[in-house]
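work38.cif follows; it contains mmCIF, C-alpha atoms.
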data_my_file
#
loop_
_atom_site.label_atom_id
_atom_site.label_comp_id
_atom_site.auth_asym_id
_atom_site.auth_seq_id
_atom_site.Cartn_x
_atom_site.Cartn_y
_atom_site.Cartn_z
CA MET A 15 121.11 48.55 219.54
CA ARG A 16 122.43 49.78 222.87
CA THR A 17 120.79 51.65 225.74
CA GLU A 18 122.29 55.03 226.58
CA ARG A 19 121.37 56.44 229.98
CA ASN A 20 122.90 59.73 231.04
CA VAL A 21 122.07 61.14 234.48
CA HIS A 22 122.83 64.55 236.00
CA GLU A 23 121.72 65.68 239.44
CA ARG A 24 122.34 68.63 241.73
CA VAL A 25 121.38 69.24 245.36
CA VAL A 26 119.97 72.76 245.74
CA GLU A 27 119.86 74.49 249.12
CA ALA A 28 116.27 75.64 248.61
CA PRO A 29 112.83 74.10 249.20
CA ALA A 30 111.43 71.85 246.49
CA GLU A 31 108.51 74.27 246.08
CA VAL A 32 110.90 77.05 245.08
CA VAL A 33 112.81 74.95 242.55
CA GLY A 34 109.60 73.36 241.27
CA ALA A 35 108.16 76.80 240.56
CA LEU A 36 111.24 77.53 238.44
CA LEU A 37 110.74 74.29 236.52
CA ASP A 38 107.15 75.32 235.75
CA ARG A 39 108.43 78.42 233.93
CA LEU A 40 110.56 76.41 231.49
CA SER A 41 110.02 77.68 227.91
CA SER A 42 107.99 80.70 229.10
CA PRO A 43 108.98 84.24 228.05
CA ASP A 44 110.52 84.73 231.50
CA ASP A 45 112.16 81.29 231.67
CA PRO A 46 114.76 81.64 234.46
CA ILE A 47 116.60 78.33 234.06
CA ALA A 48 117.21 77.67 230.34
CA PRO A 49 120.89 78.49 229.66
CA SER A 50 120.09 80.83 226.77
CA PRO A 51 121.45 82.80 224.91
CA VAL A 52 124.57 80.64 224.97
CA TRP A 53 122.31 77.68 224.10
CA PRO A 54 119.15 77.67 221.96
CA PRO A 55 116.04 78.40 224.04
CA PHE A 56 113.36 75.83 224.82
CA ARG A 57 110.39 76.50 222.52
CA PHE A 58 106.97 74.83 222.38
CA ASP A 59 103.83 75.38 220.36
CA ARG A 60 101.87 76.03 223.57
CA PRO A 61 102.53 76.55 227.29
CA LEU A 62 104.39 73.76 229.07
CA GLY A 63 102.03 70.79 229.41
CA VAL A 64 101.26 67.34 228.04
CA GLY A 65 101.05 67.44 224.25
CA ALA A 66 103.28 70.49 223.77
CA ASP A 67 105.56 70.05 220.73
CA GLY A 68 108.90 71.76 220.37
CA GLY A 69 112.49 71.43 221.47
CA HIS A 70 115.71 73.40 221.54
CA GLY A 71 117.84 73.96 218.46
CA PHE A 72 117.84 70.86 216.25
CA VAL A 73 116.60 68.61 219.09
CA ARG A 74 112.86 67.97 218.82
CA TYR A 75 110.49 66.35 221.32
CA ARG A 76 106.98 66.34 222.83
CA VAL A 77 105.91 66.73 226.45
CA THR A 78 104.37 63.41 227.53
CA VAL A 79 104.33 63.83 231.32
CA TYR A 80 103.94 67.01 233.34
CA GLU A 81 103.49 67.20 237.10
CA PRO A 82 103.55 70.90 238.04
CA GLY A 83 106.38 71.70 240.38
CA ARG A 84 107.72 68.14 240.28
CA ALA A 85 108.43 66.54 236.90
CA VAL A 86 108.34 66.88 233.13
CA ARG A 87 109.16 64.25 230.51
CA PHE A 88 110.00 64.89 226.85
CA ASP A 89 109.80 62.07 224.29
CA PHE A 90 111.72 62.17 221.01
CA PRO A 91 109.62 61.74 217.85
CA PRO A 92 109.91 58.52 215.79
CA PRO A 93 112.08 56.95 214.52
CA ALA A 94 114.08 57.96 217.62
CA ASP A 95 113.34 55.82 220.67
CA GLY A 96 114.04 57.77 223.82
CA TYR A 97 113.16 60.52 226.23
CA HIS A 98 114.58 62.87 228.81
CA THR A 99 113.15 64.00 232.13
CA LEU A 100 113.59 66.80 234.66
CA THR A 101 112.44 66.06 238.20
CA VAL A 102 112.52 67.87 241.54
CA GLU A 103 112.71 65.74 244.69
CA PRO A 104 112.41 67.18 248.21
CA LEU A 105 115.17 66.13 250.62
CA ASP A 106 114.09 68.10 253.67
CA ALA A 107 112.35 71.40 254.42
CA GLY A 108 115.15 73.51 252.95
CA ARG A 109 116.81 71.28 250.35
CA CYS A 110 115.90 69.40 247.21
CA ARG A 111 117.49 67.48 244.36
CA ILE A 112 116.97 68.31 240.69
CA THR A 113 117.70 65.46 238.29
CA HIS A 114 117.94 65.20 234.52
CA VAL A 115 117.82 61.78 232.85
CA PHE A 116 118.49 61.13 229.16
CA HIS A 117 117.49 57.66 227.94
CA GLU A 118 117.69 56.42 224.35
CA GLU A 119 117.95 53.17 222.42
CA GLN A 120 120.78 53.82 219.96
CA GLY A 121 122.03 52.10 216.84
CA ILE A 122 125.68 52.26 215.83
CA ARG A 123 125.32 55.57 214.00
CA GLN A 124 123.39 57.25 216.82
CA ALA A 125 125.84 55.89 219.40
CA LEU A 126 128.85 57.31 217.56
CA LEU A 127 127.18 60.68 217.04
CA TRP A 128 126.16 60.81 220.68
CA SER A 129 129.60 59.86 222.03
CA LEU A 130 131.66 62.13 219.78
CA ALA A 131 129.55 65.24 219.41
CA ILE A 132 126.25 65.39 221.26
CA GLU A 133 127.14 64.07 224.73
CA PRO A 134 129.86 66.68 225.44
CA LEU A 135 127.39 69.44 224.54
CA HIS A 136 124.52 67.82 226.41
CA ASP A 137 126.55 67.46 229.60
CA VAL A 138 127.60 71.11 229.63
CA MET A 139 124.15 72.43 228.75
CA ILE A 140 122.45 70.47 231.55
CA GLU A 141 125.03 71.55 234.10
CA GLU A 142 124.61 75.18 233.01
CA LEU A 143 120.85 74.77 233.36
CA PHE A 144 121.49 73.54 236.92
CA ASP A 145 123.74 76.58 237.47
CA ASN A 146 120.77 78.77 236.59
CA VAL A 147 118.52 76.85 238.98
CA VAL A 148 121.01 77.56 241.79
CA ARG A 149 121.32 81.23 240.78
CA ALA A 150 117.55 81.68 240.74
CA ALA A 151 116.73 79.65 243.87
CA THR A 152 119.64 80.83 246.04
CA PRO A 153 120.76 84.21 244.63
CA ASP A 154 122.85 85.05 247.71
CA ARG A 155 124.93 81.87 247.63
CA PRO A 156 128.30 81.78 245.79
CA LEU A 157 128.38 79.64 242.67
CA ARG A 158 131.29 78.17 240.75
CA PRO A 159 130.01 78.12 237.14
CA THR A 160 130.34 75.00 235.04
CA ARG A 161 133.50 74.90 232.92
CA ARG A 162 133.46 73.76 229.31
CA SER A 163 136.10 71.35 228.06
CA THR A 164 138.09 72.25 224.95
CA TRP A 165 136.21 69.58 222.97
CA ALA A 166 132.84 70.89 224.14
CA ARG A 167 133.81 74.42 223.09
CA LEU A 168 134.80 73.19 219.64
CA MET A 169 131.59 71.20 219.23
CA HIS A 170 129.59 74.19 220.44
CA ARG A 171 131.07 76.37 217.71
CA ALA A 172 130.36 73.68 215.13
CA VAL A 173 126.62 73.59 215.90
CA TRP A 174 126.13 77.35 216.31
CA ASP A 175 123.28 78.95 214.35
CA ARG A 176 124.00 79.40 210.63
CA PRO A 177 122.95 82.60 208.84
CA LYS A 178 120.35 82.23 206.12
CA ALA A 179 120.09 84.30 202.96
CA VAL A 180 117.03 86.58 202.94
CA PRO A 181 115.69 89.34 200.68
CA PHE A 182 116.84 92.89 201.37
CA PRO A 183 114.55 93.78 204.32
CA ALA A 184 112.09 96.57 203.59
CA ALA A 185 112.61 97.80 207.16
CA ALA A 186 116.31 98.45 206.44
CA VAL A 187 115.51 102.02 205.40
CA LEU A 188 119.04 103.34 205.85
CA GLY A 189 120.39 100.55 203.66
CA HIS A 190 117.83 101.24 200.93
CA GLU A 191 118.59 104.95 201.00
CA ALA A 192 122.35 104.46 200.73
CA TYR A 193 122.49 104.37 196.91
CA ASP A 194 119.89 104.92 194.21
CA ARG A 195 121.18 102.13 191.98
CA PRO A 196 123.52 99.75 193.83
CA ASP A 197 125.59 97.26 191.86
CA PHE A 198 125.26 94.55 194.51
CA THR A 199 123.22 93.70 197.59
CA ASP A 200 122.92 90.66 199.80
CA SER A 201 121.36 90.00 203.21
CA TRP A 202 122.13 87.38 205.88
CA GLN A 203 119.99 86.78 208.94
CA LEU A 204 120.27 85.08 212.34
CA PRO A 205 117.68 84.65 215.11
CA LEU A 206 118.22 86.57 218.34
CA ARG A 207 118.13 84.30 221.37
CA PRO A 208 116.47 85.46 224.60
CA GLY A 209 118.85 87.69 226.51
CA MET A 210 120.82 88.96 223.52
CA PRO A 211 121.02 92.75 223.02
CA THR A 212 118.31 94.26 220.85
CA SER A 213 120.05 97.57 220.18
CA PRO A 214 121.88 97.73 216.83
CA GLU A 215 124.66 99.66 218.59
CA ALA A 216 125.75 96.41 220.20
CA TRP A 217 126.45 95.01 216.74
CA ARG A 218 128.98 97.61 215.65
CA GLY A 219 131.66 94.94 215.91
CA VAL A 220 130.23 93.14 212.86
CA LEU A 221 132.33 95.49 210.71
CA PRO A 222 135.02 97.90 212.10
CA TYR A 223 134.02 100.75 209.79
CA GLU A 224 132.72 104.27 210.25
CA VAL A 225 129.12 104.70 211.35
CA ARG A 226 127.32 106.57 208.56
CA ALA A 227 123.82 106.72 210.05
CA SER A 228 121.73 105.20 212.82
CA ALA A 229 118.09 104.64 213.68
CA PRO A 230 116.35 102.95 216.63
CA ARG A 231 116.52 99.53 214.93
CA GLU A 232 119.22 99.99 212.30
CA LEU A 233 122.89 100.90 212.11
CA LEU A 234 124.62 101.83 208.84
CA LEU A 235 128.37 101.47 208.49
CA GLY A 236 130.55 101.91 205.44
CA GLU A 237 133.57 103.14 203.60
CA ASP A 238 134.20 105.10 200.40
CA ALA A 239 137.10 104.60 198.00
CA SER A 240 138.03 105.78 194.55
CA HIS A 241 137.00 102.51 192.93
CA LEU A 242 133.89 101.60 194.97
CA ASP A 243 131.79 102.46 198.01
CA PHE A 244 129.98 100.06 200.28
CA ARG A 245 127.50 100.21 203.15
CA ALA A 246 126.62 97.57 205.73
CA SER A 247 123.19 97.75 207.35
CA VAL A 248 122.62 95.98 210.68
CA LEU A 249 118.88 95.65 211.31
CA ILE A 250 117.21 94.34 214.47
CA GLU A 251 113.63 93.28 213.75
CA ASN A 252 111.22 90.55 214.87
CA ASP A 253 113.79 88.82 217.10
CA THR A 254 116.34 88.61 214.28
CA VAL A 255 119.49 90.43 213.23
CA THR A 256 120.07 91.00 209.49
CA LEU A 257 123.36 92.09 207.93
CA THR A 258 122.89 93.64 204.48
CA THR A 259 125.77 94.71 202.24
CA VAL A 260 125.20 97.36 199.54
CA VAL A 261 127.95 98.07 196.99
CA ARG A 262 128.35 100.78 194.34
CA THR A 263 131.27 100.65 191.89
CA HIS A 264 132.71 103.77 190.26
CA ASN A 265 134.88 102.58 187.38
CA LEU A 266 136.43 99.61 185.61
CA ARG A 267 138.89 99.04 188.44
CA GLY A 268 136.03 98.88 190.90
CA ARG A 269 134.07 96.43 188.76
CA LEU A 270 137.11 94.18 188.30
CA TYR A 271 137.93 94.33 191.99
CA TRP A 272 134.37 93.48 193.02
CA SER A 273 134.11 90.64 190.50
CA VAL A 274 136.84 88.91 192.50
CA VAL A 275 135.86 89.96 196.03
CA ARG A 276 132.19 89.05 195.63
CA ARG A 277 133.17 85.38 195.40
CA VAL A 278 134.45 85.39 198.99
CA HIS A 279 132.13 88.09 200.30
CA PRO A 280 129.23 85.78 201.33
CA PHE A 281 131.59 83.63 203.40
CA MET A 282 133.16 86.66 205.10
CA ALA A 283 129.78 88.30 205.78
CA ARG A 284 128.42 85.12 207.37
CA LEU A 285 131.61 84.63 209.39
CA MET A 286 131.55 88.16 210.81
CA LEU A 287 127.85 87.90 211.65
CA VAL A 288 128.25 84.53 213.42
CA ARG A 289 131.33 85.68 215.37
CA THR A 290 129.56 88.76 216.67
CA HIS A 291 126.38 86.78 217.40
CA ARG A 292 128.36 84.26 219.43
CA ARG A 293 130.40 86.92 221.26
CA LEU A 294 127.27 88.81 222.32
CA ALA A 295 125.56 85.61 223.44
CA TYR A 296 128.53 84.69 225.64
CA ALA A 297 128.70 88.21 227.07
CA ALA A 298 125.01 88.27 228.04
CA PRO A 299 124.19 87.74 231.74
CA PRO A 300 122.56 84.42 232.74
CA ALA A 301 118.76 84.39 232.72
CA PRO A 302 118.28 84.68 236.53
CA VAL A 303 120.63 87.68 236.69
CA ARG A 304 119.02 89.35 233.68
CA LEU A 305 115.47 88.83 234.97
CA ALA A 306 116.42 90.14 238.42
CA ARG A 307 117.88 93.28 236.88
CA GLU A 308 114.78 93.79 234.74
CA ALA A 309 112.53 93.37 237.77
CA ALA A 310 114.59 95.89 239.76
CA ALA A 311 114.78 98.46 236.97
CA PRO A 312 112.48 101.49 237.31
CA PRO A 313 109.57 101.56 234.86
CA SER A 314 110.32 103.35 231.61
CA GLY A 315 108.61 106.65 230.91
#
Would you encode the structure as structure tokens?
Amino acid sequence: MRTERNVHERVVEAPAEVVGALLDRLSSPDDPIAPSPVWPPFRFDRPLGVGADGGHGFVRYRVTVYEPGRAVRFDFPPPADGYHTLTVEPLDAGRCRITHVFHEEQGIRQALLWSLAIEPLHDVMIEELFDNVVRAATPDRPLRPTRRSTWARLMHRAVWDRPKAVPFPAAAVLGHEAYDRPDFTDSWQLPLRPGMPTSPEAWRGVLPYEVRASAPRELLLGEDASHLDFRASVLIENDTVTLTTVVRTHNLRGRLYWSVVRRVHPFMARLMLVRTHRRLAYAAPPAPVRLAREAAAPPSG
């Protein structure tokens, strides 16, 4: 076993009370400091407080210490032996220090996984969280955003959300209406992270084909040919995006063609969905910027 201790800290030119109030909103619907949607959001089974279970992405933990405006500690569940903390320390009336500490007792396997894959991602995510703290606490100050190393970018792609196969959604009305008796359908779904666009129009890049129909929560694209027709439904519902493909063959050539293409189709559908999902996440404004714009926007209606 070895002890891994990883420490990040940032001096913020704002009172500790201001930064502490931001810390208290961690995991809330208006969380201003979590670096989502580029990273998975912090989620718990209850408001931030001792006993709350949750995590971000595949990392799971429980809140074991919570001092409002000052500190929060998250312990990993057994068999893991470790924790991480976020603390705010006043330096003077107008400055404070925010610190993140990761501490874990690691065996050989955990140490290798941490060093090769997790640590590069962890370091960038924490620094981007600190970037958001600075943006939210001192919106008028210039900020040089954290840069990701090439290795961190590669690891980030490797752990990105994976689409899951789901039944043809009943809410995908345009997709269901495309053909009376389709020869093939499949549906792949990804969760939408906070800050990602919720208009299906933003997802037109999933497939560069003609728009056949649109609805408030669904976009239908497709193409017709002499041997087969296909439609692709992009549905936004319940904080998810679902890509459904519907195919209708016309003749023997179409059936032979599709018998080959359908073997690679699931891979290509997932790839296009993930690429667009990632591109939109990276293009989204950071949480403090997004929340400020929402607060400044005139009320709808």
inquiry  = For the provided coordinates, the residues matched by the PyMOL selection byres ((chain A and resi 271-281) around 9) should be stated as a VMD selection string.
reply    = chain A and resid 198 200 202 241 to 242 261 263 266 to 270 282 to 286
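Residue nearest Val115 (chain A), chosen from A:Thr78, A:Ala28, A:His22, A:Leu287 and counting all atoms listed in the file: A:His22.
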ask   = Skipping near chain neighbours, those fewer than 4 positions away, what residues fall within 12 Å of Ser42 (chain A) using only C-alpha atoms, listed as a list of chain:residue names?
value = A:Leu36, A:Leu37, A:Asp38, A:Pro46, A:Ile47, A:Ala48, A:Pro55, A:Phe56, A:Arg57, A:Phe58, A:Asp59, A:Arg60, A:Pro61, A:Leu62, A:Gly63, A:Pro208, A:Ala301
Got a sec to resolve the PyMOL selection byres ((chain A and resi 210) around 12) on this structure and send the residues as a short mmCIF file (atom, residue, chain, number, x, y, z; two decimals) with C-alpha atoms, in the coordinates of the input?
data_model
loop_
_atom_site.label_atom_id
_atom_site.label_comp_id
_atom_site.auth_asym_id
_atom_site.auth_seq_id
_atom_site.Cartn_x
_atom_site.Cartn_y
_atom_site.Cartn_z
CA SER A 50 120.09 80.83 226.77
CA PRO A 51 121.45 82.80 224.91
CA VAL A 52 124.57 80.64 224.97
CA TRP A 53 122.31 77.68 224.10
CA PRO A 54 119.15 77.67 221.96
CA PRO A 55 116.04 78.40 224.04
CA LEU A 204 120.27 85.08 212.34
CA PRO A 205 117.68 84.65 215.11
CA LEU A 206 118.22 86.57 218.34
CA ARG A 207 118.13 84.30 221.37
CA PRO A 208 116.47 85.46 224.60
CA GLY A 209 118.85 87.69 226.51
CA PRO A 211 121.02 92.75 223.02
CA THR A 212 118.31 94.26 220.85
CA SER A 213 120.05 97.57 220.18
CA PRO A 214 121.88 97.73 216.83
CA ALA A 216 125.75 96.41 220.20
CA TRP A 217 126.45 95.01 216.74
CA ILE A 250 117.21 94.34 214.47
CA ASP A 253 113.79 88.82 217.10
CA THR A 254 116.34 88.61 214.28
CA VAL A 255 119.49 90.43 213.23
CA THR A 290 129.56 88.76 216.67
CA HIS A 291 126.38 86.78 217.40
CA ARG A 292 128.36 84.26 219.43
CA ARG A 293 130.40 86.92 221.26
CA LEU A 294 127.27 88.81 222.32
CA ALA A 295 125.56 85.61 223.44
CA TYR A 296 128.53 84.69 225.64
CA ALA A 297 128.70 88.21 227.07
CA ALA A 298 125.01 88.27 228.04
CA PRO A 299 124.19 87.74 231.74
CA PRO A 300 122.56 84.42 232.74
CA ALA A 301 118.76 84.39 232.72
CA ARG A 304 119.02 89.35 233.68
#
ask   = Contacts of Pro222 (chain A) at 9 Å or less, counting all atoms listed in the file, minus same-chain residues fewer than 2 places along, as a PyMOL selection string?
value = chain A and resi 218-220+224+235-236
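If you measure from each of A:Val148, A:Leu221, A:Leu127, A:Val21 to Glu237 (chain A) using all atoms listed in the file, the closest one turns out to be A:Leu221.
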ask   = So what does the PyMOL selection byres ((chain A and resi 143) around 6) actually pick up in this one, as an NGL selection string?
value = :A and (47-49 or 140-142 or 144-146)
remark   = re CA of Pro153 (chain A) and CA of Glu81 (chain A): distance 25.4 Å
Region 34-42 of chain A: axis-aligned bounding box, 6 Å on each side, centre and edge lengths in Å, one decimal, as AutoDock Vina command-line options:
--center_x 109.2 --center_y 77.0 --center_z 234.6 --size_x 16.1 --size_y 19.3 --size_z 25.4
ask   = Ser228 (chain A): which residues within 9 Å, counting all atoms listed in the file, same-chain residues fewer than 3 positions away excluded, as a PyMOL selection string?
value = chain A and resi 188+214-215+225+231-235
Any chance you could export the current selection's C-alpha atoms as a PDB file, in the frame of the given file?
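The resulting file, out_11.pdb, is shown below:
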ATOM      1  CA  LEU A 188     119.040 103.340 205.850  1.00  0.00           C
ATOM      2  CA  PRO A 214     121.880  97.730 216.830  1.00  0.00           C
ATOM      3  CA  GLU A 215     124.660  99.660 218.590  1.00  0.00           C
ATOM      4  CA  VAL A 225     129.120 104.700 211.350  1.00  0.00           C
ATOM      5  CA  ARG A 231     116.520  99.530 214.930  1.00  0.00           C
ATOM      6  CA  GLU A 232     119.220  99.990 212.300  1.00  0.00           C
ATOM      7  CA  LEU A 233     122.890 100.900 212.110  1.00  0.00           C
ATOM      8  CA  LEU A 234     124.620 101.830 208.840  1.00  0.00           C
ATOM      9  CA  LEU A 235     128.370 101.470 208.490  1.00  0.00           C
TER      10      LEU A 235
END
I need region 129-162 of chain A from the structure I supplied, saved as a PDB file, in the first residue's frame with N, CA and C atoms retained.
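To be explicit, this is the file written out as out_20.pdb:
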ATOM      1  N   SER A 129      -2.071   6.953 -11.468  1.00  0.00           N
ATOM      2  CA  SER A 129      -0.964   7.666 -12.106  1.00  0.00           C
ATOM      3  C   SER A 129      -1.148   7.804 -13.609  1.00  0.00           C
ATOM      4  N   LEU A 130      -1.646   6.750 -14.255  1.00  0.00           N
ATOM      5  CA  LEU A 130      -1.719   6.758 -15.718  1.00  0.00           C
ATOM      6  C   LEU A 130      -2.968   7.424 -16.263  1.00  0.00           C
ATOM      7  N   ALA A 131      -4.084   7.263 -15.580  1.00  0.00           N
ATOM      8  CA  ALA A 131      -5.348   7.719 -16.171  1.00  0.00           C
ATOM      9  C   ALA A 131      -6.099   8.736 -15.330  1.00  0.00           C
ATOM     10  N   ILE A 132      -6.257   8.461 -14.044  1.00  0.00           N
ATOM     11  CA  ILE A 132      -7.160   9.287 -13.245  1.00  0.00           C
ATOM     12  C   ILE A 132      -6.535  10.611 -12.846  1.00  0.00           C
ATOM     13  N   GLU A 133      -5.266  10.604 -12.418  1.00  0.00           N
ATOM     14  CA  GLU A 133      -4.648  11.838 -11.928  1.00  0.00           C
ATOM     15  C   GLU A 133      -4.632  12.955 -12.976  1.00  0.00           C
ATOM     16  N   PRO A 134      -4.283  12.678 -14.255  1.00  0.00           N
ATOM     17  CA  PRO A 134      -4.313  13.764 -15.235  1.00  0.00           C
ATOM     18  C   PRO A 134      -5.695  14.389 -15.391  1.00  0.00           C
ATOM     19  N   LEU A 135      -6.742  13.551 -15.308  1.00  0.00           N
ATOM     20  CA  LEU A 135      -8.107  14.071 -15.400  1.00  0.00           C
ATOM     21  C   LEU A 135      -8.482  14.829 -14.135  1.00  0.00           C
ATOM     22  N   HIS A 136      -8.142  14.256 -12.990  1.00  0.00           N
ATOM     23  CA  HIS A 136      -8.443  14.887 -11.709  1.00  0.00           C
ATOM     24  C   HIS A 136      -7.829  16.281 -11.626  1.00  0.00           C
ATOM     25  N   ASP A 137      -6.560  16.395 -12.008  1.00  0.00           N
ATOM     26  CA  ASP A 137      -5.868  17.674 -11.895  1.00  0.00           C
ATOM     27  C   ASP A 137      -6.548  18.750 -12.736  1.00  0.00           C
ATOM     28  N   VAL A 138      -6.924  18.393 -13.963  1.00  0.00           N
ATOM     29  CA  VAL A 138      -7.568  19.377 -14.840  1.00  0.00           C
ATOM     30  C   VAL A 138      -8.953  19.738 -14.318  1.00  0.00           C
ATOM     31  N   MET A 139      -9.721  18.736 -13.877  1.00  0.00           N
ATOM     32  CA  MET A 139     -11.072  19.014 -13.414  1.00  0.00           C
ATOM     33  C   MET A 139     -11.073  19.945 -12.210  1.00  0.00           C
ATOM     34  N   ILE A 140     -10.166  19.706 -11.245  1.00  0.00           N
ATOM     35  CA  ILE A 140     -10.111  20.564 -10.064  1.00  0.00           C
ATOM     36  C   ILE A 140      -9.691  21.979 -10.443  1.00  0.00           C
ATOM     37  N   GLU A 141      -8.716  22.115 -11.319  1.00  0.00           N
ATOM     38  CA  GLU A 141      -8.299  23.452 -11.727  1.00  0.00           C
ATOM     39  C   GLU A 141      -9.413  24.178 -12.498  1.00  0.00           C
ATOM     40  N   GLU A 142     -10.208  23.440 -13.262  1.00  0.00           N
ATOM     41  CA  GLU A 142     -11.325  24.074 -13.965  1.00  0.00           C
ATOM     42  C   GLU A 142     -12.449  24.429 -12.987  1.00  0.00           C
ATOM     43  N   LEU A 143     -12.603  23.645 -11.931  1.00  0.00           N
ATOM     44  CA  LEU A 143     -13.533  24.024 -10.869  1.00  0.00           C
ATOM     45  C   LEU A 143     -13.066  25.334 -10.222  1.00  0.00           C
ATOM     46  N   PHE A 144     -11.768  25.438  -9.956  1.00  0.00           N
ATOM     47  CA  PHE A 144     -11.226  26.689  -9.405  1.00  0.00           C
ATOM     48  C   PHE A 144     -11.421  27.854 -10.369  1.00  0.00           C
ATOM     49  N   ASP A 145     -11.267  27.595 -11.675  1.00  0.00           N
ATOM     50  CA  ASP A 145     -11.539  28.648 -12.670  1.00  0.00           C
ATOM     51  C   ASP A 145     -12.964  29.180 -12.502  1.00  0.00           C
ATOM     52  N   ASN A 146     -13.904  28.262 -12.288  1.00  0.00           N
ATOM     53  CA  ASN A 146     -15.295  28.687 -12.123  1.00  0.00           C
ATOM     54  C   ASN A 146     -15.499  29.480 -10.837  1.00  0.00           C
ATOM     55  N   VAL A 147     -14.775  29.099  -9.780  1.00  0.00           N
ATOM     56  CA  VAL A 147     -14.851  29.867  -8.534  1.00  0.00           C
ATOM     57  C   VAL A 147     -14.410  31.307  -8.796  1.00  0.00           C
ATOM     58  N   VAL A 148     -13.297  31.467  -9.515  1.00  0.00           N
ATOM     59  CA  VAL A 148     -12.793  32.809  -9.819  1.00  0.00           C
ATOM     60  C   VAL A 148     -13.785  33.566 -10.695  1.00  0.00           C
ATOM     61  N   ARG A 149     -14.341  32.898 -11.704  1.00  0.00           N
ATOM     62  CA  ARG A 149     -15.319  33.559 -12.584  1.00  0.00           C
ATOM     63  C   ARG A 149     -16.528  34.050 -11.792  1.00  0.00           C
ATOM     64  N   ALA A 150     -17.012  33.202 -10.884  1.00  0.00           N
ATOM     65  CA  ALA A 150     -18.217  33.544 -10.132  1.00  0.00           C
ATOM     66  C   ALA A 150     -17.960  34.598  -9.052  1.00  0.00           C
ATOM     67  N   ALA A 151     -16.792  34.500  -8.386  1.00  0.00           N
ATOM     68  CA  ALA A 151     -16.502  35.406  -7.267  1.00  0.00           C
ATOM     69  C   ALA A 151     -15.958  36.748  -7.720  1.00  0.00           C
ATOM     70  N   THR A 152     -15.256  36.762  -8.860  1.00  0.00           N
ATOM     71  CA  THR A 152     -14.647  38.003  -9.359  1.00  0.00           C
ATOM     72  C   THR A 152     -14.923  38.126 -10.854  1.00  0.00           C
ATOM     73  N   PRO A 153     -16.182  38.333 -11.248  1.00  0.00           N
ATOM     74  CA  PRO A 153     -16.542  38.309 -12.674  1.00  0.00           C
ATOM     75  C   PRO A 153     -15.857  39.382 -13.510  1.00  0.00           C
ATOM     76  N   ASP A 154     -15.393  40.447 -12.891  1.00  0.00           N
ATOM     77  CA  ASP A 154     -14.759  41.529 -13.657  1.00  0.00           C
ATOM     78  C   ASP A 154     -13.254  41.357 -13.816  1.00  0.00           C
ATOM     79  N   ARG A 155     -12.682  40.339 -13.189  1.00  0.00           N
ATOM     80  CA  ARG A 155     -11.236  40.133 -13.287  1.00  0.00           C
ATOM     81  C   ARG A 155     -10.905  39.221 -14.466  1.00  0.00           C
ATOM     82  N   PRO A 156      -9.813  39.501 -15.195  1.00  0.00           N
ATOM     83  CA  PRO A 156      -9.416  38.613 -16.297  1.00  0.00           C
ATOM     84  C   PRO A 156      -8.977  37.256 -15.747  1.00  0.00           C
ATOM     85  N   LEU A 157      -9.205  36.231 -16.542  1.00  0.00           N
ATOM     86  CA  LEU A 157      -8.859  34.877 -16.123  1.00  0.00           C
ATOM     87  C   LEU A 157      -8.196  34.153 -17.285  1.00  0.00           C
ATOM     88  N   ARG A 158      -7.087  33.505 -17.011  1.00  0.00           N
ATOM     89  CA  ARG A 158      -6.454  32.644 -18.000  1.00  0.00           C
ATOM     90  C   ARG A 158      -6.902  31.211 -17.717  1.00  0.00           C
ATOM     91  N   PRO A 159      -7.807  30.655 -18.551  1.00  0.00           N
ATOM     92  CA  PRO A 159      -8.364  29.327 -18.256  1.00  0.00           C
ATOM     93  C   PRO A 159      -7.294  28.245 -18.213  1.00  0.00           C
ATOM     94  N   THR A 160      -7.564  27.223 -17.433  1.00  0.00           N
ATOM     95  CA  THR A 160      -6.677  26.071 -17.336  1.00  0.00           C
ATOM     96  C   THR A 160      -6.533  25.394 -18.689  1.00  0.00           C
ATOM     97  N   ARG A 161      -5.323  24.991 -19.027  1.00  0.00           N
ATOM     98  CA  ARG A 161      -5.067  24.287 -20.285  1.00  0.00           C
ATOM     99  C   ARG A 161      -4.945  22.797 -20.012  1.00  0.00           C
ATOM    100  N   ARG A 162      -5.485  21.995 -20.914  1.00  0.00           N
ATOM    101  CA  ARG A 162      -5.403  20.547 -20.786  1.00  0.00           C
ATOM    102  C   ARG A 162      -4.199  20.037 -21.564  1.00  0.00           C
TER     103      ARG A 162
END
